[in-house]
Amino acid sequence: MVLVSASRKTLLSPMVTILANSWVTTTIASLQTLLLLVAVLVVVTLAAQRWRVTPPILMVIAGIAMALVPGLPRFELSPEFVLLFVLPPVIYAAGVAMSWREFRFNLRPIGLYAIGGVVFTTCALATALHYALGLDWGLGFLLGAIVAPPDAVAPIAIARDLGVPRRILVVLEGEGLVNDATALVIYRFAVAAVTTGAFSLTRAVGLFWVILAGEIVYGVAIGWLSLRLRRWAHNTRVEIVLSLMTPYAAFWLPAHLGGSGVLATAAAGLYVSWRGPLQISAATRLQGIFFWDLVIYLIDGLVFLYTGLQLRMLVERIHLGELHWLLLVTALTAVIAIAARFLWTFPVVYVPRWISKQLAARDPAPPWQTAFMVGFTGIRGVVSLAAALAVPIATREGRPFPHRDMFLFVAFSVIVITLIGQGLSLPRLIRWLDLTRGGEEETRLELEQQRAARHHVIDRAARALEQIAAEHAVPDDAVREVQDHLAEQRRHVPAPPGDRPAPACSTAELRAALIGEQRRVLHQLLRDGQLSDESRRRLERELDLEEAALRHRDDLAL
């Protein structure tokens, strides 16, 4: 037995060594590729800032350019990776950033776009492809579900930079938060119909509403559990890890059971947005904001780069003989997808207000420029490409899935057409529609609200200080020190724009210059051996927090 065992070890050792070396080599190559993409991401971000171009647009263009460079490795996007690992944190972060109050107030238009708009676009595409090109109904609905949901990342970035009215941003953000769920549910029904040849509209509609209700309840429960665990932990690092685990806990189970996972993740994010401010500690919130900003920046950037890089894979898989047919399908799909959003937008905006006088009085109809802007922002994103990549290779009978390469080509092309074409023209459209004027008025009102809220908060704190001092016999020195602190806070409340003087050097600039001088003194003391590294870090952190507060206050005053 010893000889046999030794013989087996002798035979297996080289095999294990080869497999281990192969795994290490593959891992190193993947890390090198990731570092290359991160470096490209940084360069493209800096170029986008310099050229005043929205980063997602430039990242897709950079990805397409890299795909055409000979010798570079092949970058193929895994649909499972996108749907199960990339999408959950993006949806969750958008939900946390969304105001629950604004989401609830705009729930009607958000639902009409995220559910009704996606269904309408899918049906319009399926009908056009069936009657114009003879495509089977199931395949038409599948392609419609793939390209129907718009992506909100690029248009939101453009619209926010240009200062469009807040409500447009809320509707677009809310739609982007939920519409992927509608599209993915339709997508799964369409795939099942093509692979099995059976489809029941009544069952599909009933199951859709069950998924909708079930995912919302489950998502709220995950959000509640996440906040409870984070309060119990009382550890900033653990709380941030729990926040990272929350979107996956919300997404994976519904997705495994046949739902989309998107609604559950969005519901969890919205619940944390609503209940979190009073339950999350200040240290966790400060570090968590930085952590999530970095995570979403890397995810969005790498995903858009990967989207452009898929061009090489498509070129390798498409035959020249099919190119004319593919271009025809792409052109028809792009035109119908863009037109369907306009055809849905104007009736949805104005018809309900013509029918209901109560709705018109409670929520007056916006100008046509607003409706046109919302209709124009039908830019498609990575979810469409991931859905196309996830189309099965074969049906249940073992036959190749019909027109699978067509779905990939059309999805990629529609993303490029809408992202680059509509995305680059969106700033000019916003200026032509003169939507920035409404945004400027909203900004002025928000600044007035912020100033009033600051004064109100300081007044309440002053009254609470008097009450606490009277009830607990607080020493006078401590009371005066806190009163001086409140007076200092009141002095730093920004004055209205018309009341501000225009000095050569503002107070904030003077304080920033002094912080810089203090930081240089700290480093000099460290070099002279009069201060330890640990003490220098503590004092430097205090200066960093003060400088960050100055910058934040200055940004709010703009």
# chains A, B, ... in the order shown; residues from 1 in each chain; ligands from 1

call {"tool": "select_by_dssp", "arguments": {"residues": "segment 196-425 of chain A", "states": "helix (DSSP H, G or I)", "output": "ChimeraX atom specification"}}
result
/A:196,201-233,236-256,262-278,282-317,320-355,357-362,368-376,382-389,404-425

call {"tool": "closest_atom_pairs", "arguments": {"of": "segment 316-401 of chain A", "to": "segment 188-208 of chain A", "cutoff": "10 Å", "atoms": "only C-alpha atoms", "output": "tab-separated table"}}
result
residue	atom	partner	partner_atom	distance
A:Ala387	CA	A:Arg188	CA	9.7
A:Val391	CA	A:Val191	CA	7.4
A:Pro392	CA	A:Val191	CA	8.0
A:Ala394	CA	A:Thr195	CA	7.9
A:Thr395	CA	A:Thr195	CA	4.6
A:Arg396	CA	A:Thr195	CA	5.8
A:Glu397	CA	A:Thr195	CA	8.0
A:Gly398	CA	A:Thr195	CA	9.5
A:Arg399	CA	A:Thr195	CA	9.2
A:Pro400	CA	A:Thr195	CA	9.9
A:Phe401	CA	A:Thr195	CA	7.7

call {"tool": "residues_around", "arguments": {"residues": "Val43 of chain A", "least_positions_apart": "3", "cutoff": "12 Å", "atoms": "only C-alpha atoms", "output": "PDB file with all heavy atoms, in the first residue's frame"}}
result
ATOM      1  N   LEU A  36      -4.076  47.305 -16.310  1.00  0.00           N
ATOM      2  CA  LEU A  36      -4.035  48.050 -17.570  1.00  0.00           C
ATOM      3  C   LEU A  36      -5.330  48.825 -17.781  1.00  0.00           C
ATOM      4  O   LEU A  36      -5.307  50.011 -18.145  1.00  0.00           O
ATOM      5  CB  LEU A  36      -3.802  47.077 -18.735  1.00  0.00           C
ATOM      6  CG  LEU A  36      -3.950  47.671 -20.151  1.00  0.00           C
ATOM      7  CD1 LEU A  36      -2.890  48.742 -20.393  1.00  0.00           C
ATOM      8  CD2 LEU A  36      -3.867  46.570 -21.209  1.00  0.00           C
ATOM      9  N   LEU A  37      -6.461  48.181 -17.525  1.00  0.00           N
ATOM     10  CA  LEU A  37      -7.750  48.848 -17.710  1.00  0.00           C
ATOM     11  C   LEU A  37      -7.934  49.985 -16.700  1.00  0.00           C
ATOM     12  O   LEU A  37      -8.490  51.037 -17.044  1.00  0.00           O
ATOM     13  CB  LEU A  37      -8.888  47.830 -17.576  1.00  0.00           C
ATOM     14  CG  LEU A  37      -8.980  46.794 -18.695  1.00  0.00           C
ATOM     15  CD1 LEU A  37     -10.119  45.823 -18.413  1.00  0.00           C
ATOM     16  CD2 LEU A  37      -9.182  47.454 -20.045  1.00  0.00           C
ATOM     17  N   VAL A  38      -7.473  49.785 -15.468  1.00  0.00           N
ATOM     18  CA  VAL A  38      -7.578  50.858 -14.476  1.00  0.00           C
ATOM     19  C   VAL A  38      -6.728  52.047 -14.903  1.00  0.00           C
ATOM     20  O   VAL A  38      -7.141  53.210 -14.761  1.00  0.00           O
ATOM     21  CB  VAL A  38      -7.156  50.346 -13.084  1.00  0.00           C
ATOM     22  CG1 VAL A  38      -7.038  51.501 -12.093  1.00  0.00           C
ATOM     23  CG2 VAL A  38      -8.165  49.330 -12.568  1.00  0.00           C
ATOM     24  N   ALA A  39      -5.531  51.781 -15.448  1.00  0.00           N
ATOM     25  CA  ALA A  39      -4.683  52.872 -15.924  1.00  0.00           C
ATOM     26  C   ALA A  39      -5.361  53.628 -17.066  1.00  0.00           C
ATOM     27  O   ALA A  39      -5.356  54.868 -17.104  1.00  0.00           O
ATOM     28  CB  ALA A  39      -3.330  52.321 -16.388  1.00  0.00           C
ATOM     29  N   VAL A  40      -5.971  52.883 -17.992  1.00  0.00           N
ATOM     30  CA  VAL A  40      -6.705  53.527 -19.095  1.00  0.00           C
ATOM     31  C   VAL A  40      -7.878  54.329 -18.544  1.00  0.00           C
ATOM     32  O   VAL A  40      -8.165  55.439 -19.010  1.00  0.00           O
ATOM     33  CB  VAL A  40      -7.187  52.463 -20.104  1.00  0.00           C
ATOM     34  CG1 VAL A  40      -8.097  53.093 -21.158  1.00  0.00           C
ATOM     35  CG2 VAL A  40      -6.000  51.786 -20.776  1.00  0.00           C
ATOM     36  N   LEU A  46      -9.260  61.778 -16.826  1.00  0.00           N
ATOM     37  CA  LEU A  46      -8.576  63.063 -16.887  1.00  0.00           C
ATOM     38  C   LEU A  46      -8.805  63.751 -18.234  1.00  0.00           C
ATOM     39  O   LEU A  46      -9.003  64.971 -18.299  1.00  0.00           O
ATOM     40  CB  LEU A  46      -7.078  62.874 -16.639  1.00  0.00           C
ATOM     41  CG  LEU A  46      -6.698  62.372 -15.243  1.00  0.00           C
ATOM     42  CD1 LEU A  46      -5.202  62.129 -15.148  1.00  0.00           C
ATOM     43  CD2 LEU A  46      -7.145  63.351 -14.169  1.00  0.00           C
ATOM     44  N   ALA A  47      -8.798  62.951 -19.318  1.00  0.00           N
ATOM     45  CA  ALA A  47      -9.057  63.530 -20.641  1.00  0.00           C
ATOM     46  C   ALA A  47     -10.483  64.053 -20.731  1.00  0.00           C
ATOM     47  O   ALA A  47     -10.739  65.118 -21.317  1.00  0.00           O
ATOM     48  CB  ALA A  47      -8.797  62.484 -21.721  1.00  0.00           C
ATOM     49  N   ALA A  48     -11.428  63.335 -20.148  1.00  0.00           N
ATOM     50  CA  ALA A  48     -12.828  63.776 -20.174  1.00  0.00           C
ATOM     51  C   ALA A  48     -12.997  65.092 -19.405  1.00  0.00           C
ATOM     52  O   ALA A  48     -13.750  65.973 -19.831  1.00  0.00           O
ATOM     53  CB  ALA A  48     -13.729  62.695 -19.577  1.00  0.00           C
ATOM     54  N   GLN A  49     -12.286  65.233 -18.282  1.00  0.00           N
ATOM     55  CA  GLN A  49     -12.352  66.493 -17.536  1.00  0.00           C
ATOM     56  C   GLN A  49     -11.768  67.638 -18.357  1.00  0.00           C
ATOM     57  O   GLN A  49     -12.314  68.746 -18.372  1.00  0.00           O
ATOM     58  CB  GLN A  49     -11.577  66.359 -16.221  1.00  0.00           C
ATOM     59  CG  GLN A  49     -12.247  65.454 -15.204  1.00  0.00           C
ATOM     60  CD  GLN A  49     -11.411  65.295 -13.955  1.00  0.00           C
ATOM     61  OE1 GLN A  49     -10.262  65.735 -13.894  1.00  0.00           O
ATOM     62  NE2 GLN A  49     -11.972  64.653 -12.949  1.00  0.00           N
ATOM     63  N   ARG A  50     -10.672  67.374 -19.029  1.00  0.00           N
ATOM     64  CA  ARG A  50     -10.005  68.433 -19.797  1.00  0.00           C
ATOM     65  C   ARG A  50     -10.828  68.839 -21.016  1.00  0.00           C
ATOM     66  O   ARG A  50     -10.916  70.028 -21.351  1.00  0.00           O
ATOM     67  CB  ARG A  50      -8.618  67.961 -20.225  1.00  0.00           C
ATOM     68  CG  ARG A  50      -7.798  69.026 -20.938  1.00  0.00           C
ATOM     69  CD  ARG A  50      -6.390  68.529 -21.241  1.00  0.00           C
ATOM     70  NE  ARG A  50      -5.586  69.547 -21.872  1.00  0.00           N
ATOM     71  CZ  ARG A  50      -4.919  70.491 -21.238  1.00  0.00           C
ATOM     72  NH1 ARG A  50      -4.963  70.542 -19.914  1.00  0.00           N
ATOM     73  NH2 ARG A  50      -4.191  71.390 -21.883  1.00  0.00           N
ATOM     74  N   PRO A  55     -17.557  61.238 -19.098  1.00  0.00           N
ATOM     75  CA  PRO A  55     -16.629  60.104 -19.070  1.00  0.00           C
ATOM     76  C   PRO A  55     -17.154  58.809 -19.686  1.00  0.00           C
ATOM     77  O   PRO A  55     -16.409  58.157 -20.424  1.00  0.00           O
ATOM     78  CB  PRO A  55     -16.329  59.933 -17.571  1.00  0.00           C
ATOM     79  CG  PRO A  55     -16.487  61.301 -17.010  1.00  0.00           C
ATOM     80  CD  PRO A  55     -17.618  61.923 -17.796  1.00  0.00           C
ATOM     81  N   LEU A  58     -16.583  58.774 -23.474  1.00  0.00           N
ATOM     82  CA  LEU A  58     -15.176  58.667 -23.851  1.00  0.00           C
ATOM     83  C   LEU A  58     -14.617  57.290 -23.509  1.00  0.00           C
ATOM     84  O   LEU A  58     -13.730  56.781 -24.216  1.00  0.00           O
ATOM     85  CB  LEU A  58     -14.370  59.759 -23.145  1.00  0.00           C
ATOM     86  CG  LEU A  58     -13.039  60.158 -23.800  1.00  0.00           C
ATOM     87  CD1 LEU A  58     -13.276  60.623 -25.228  1.00  0.00           C
ATOM     88  CD2 LEU A  58     -12.356  61.247 -22.996  1.00  0.00           C
ATOM     89  N   MET A  59     -15.132  56.657 -22.453  1.00  0.00           N
ATOM     90  CA  MET A  59     -14.653  55.321 -22.085  1.00  0.00           C
ATOM     91  C   MET A  59     -15.064  54.277 -23.118  1.00  0.00           C
ATOM     92  O   MET A  59     -14.286  53.378 -23.451  1.00  0.00           O
ATOM     93  CB  MET A  59     -15.179  54.947 -20.700  1.00  0.00           C
ATOM     94  CG  MET A  59     -14.488  55.702 -19.576  1.00  0.00           C
ATOM     95  SD  MET A  59     -15.294  55.490 -17.989  1.00  0.00           S
ATOM     96  CE  MET A  59     -14.421  56.712 -16.999  1.00  0.00           C
ATOM     97  N   ALA A  62     -12.815  54.828 -26.042  1.00  0.00           N
ATOM     98  CA  ALA A  62     -11.484  54.291 -25.742  1.00  0.00           C
ATOM     99  C   ALA A  62     -11.482  52.769 -25.823  1.00  0.00           C
ATOM    100  O   ALA A  62     -10.518  52.166 -26.316  1.00  0.00           O
ATOM    101  CB  ALA A  62     -11.036  54.750 -24.356  1.00  0.00           C
ATOM    102  N   GLY A 301     -16.660  52.823 -14.758  1.00  0.00           N
ATOM    103  CA  GLY A 301     -15.613  53.040 -15.750  1.00  0.00           C
ATOM    104  C   GLY A 301     -15.174  51.766 -16.435  1.00  0.00           C
ATOM    105  O   GLY A 301     -15.079  51.702 -17.673  1.00  0.00           O
TER     106      GLY A 301
END
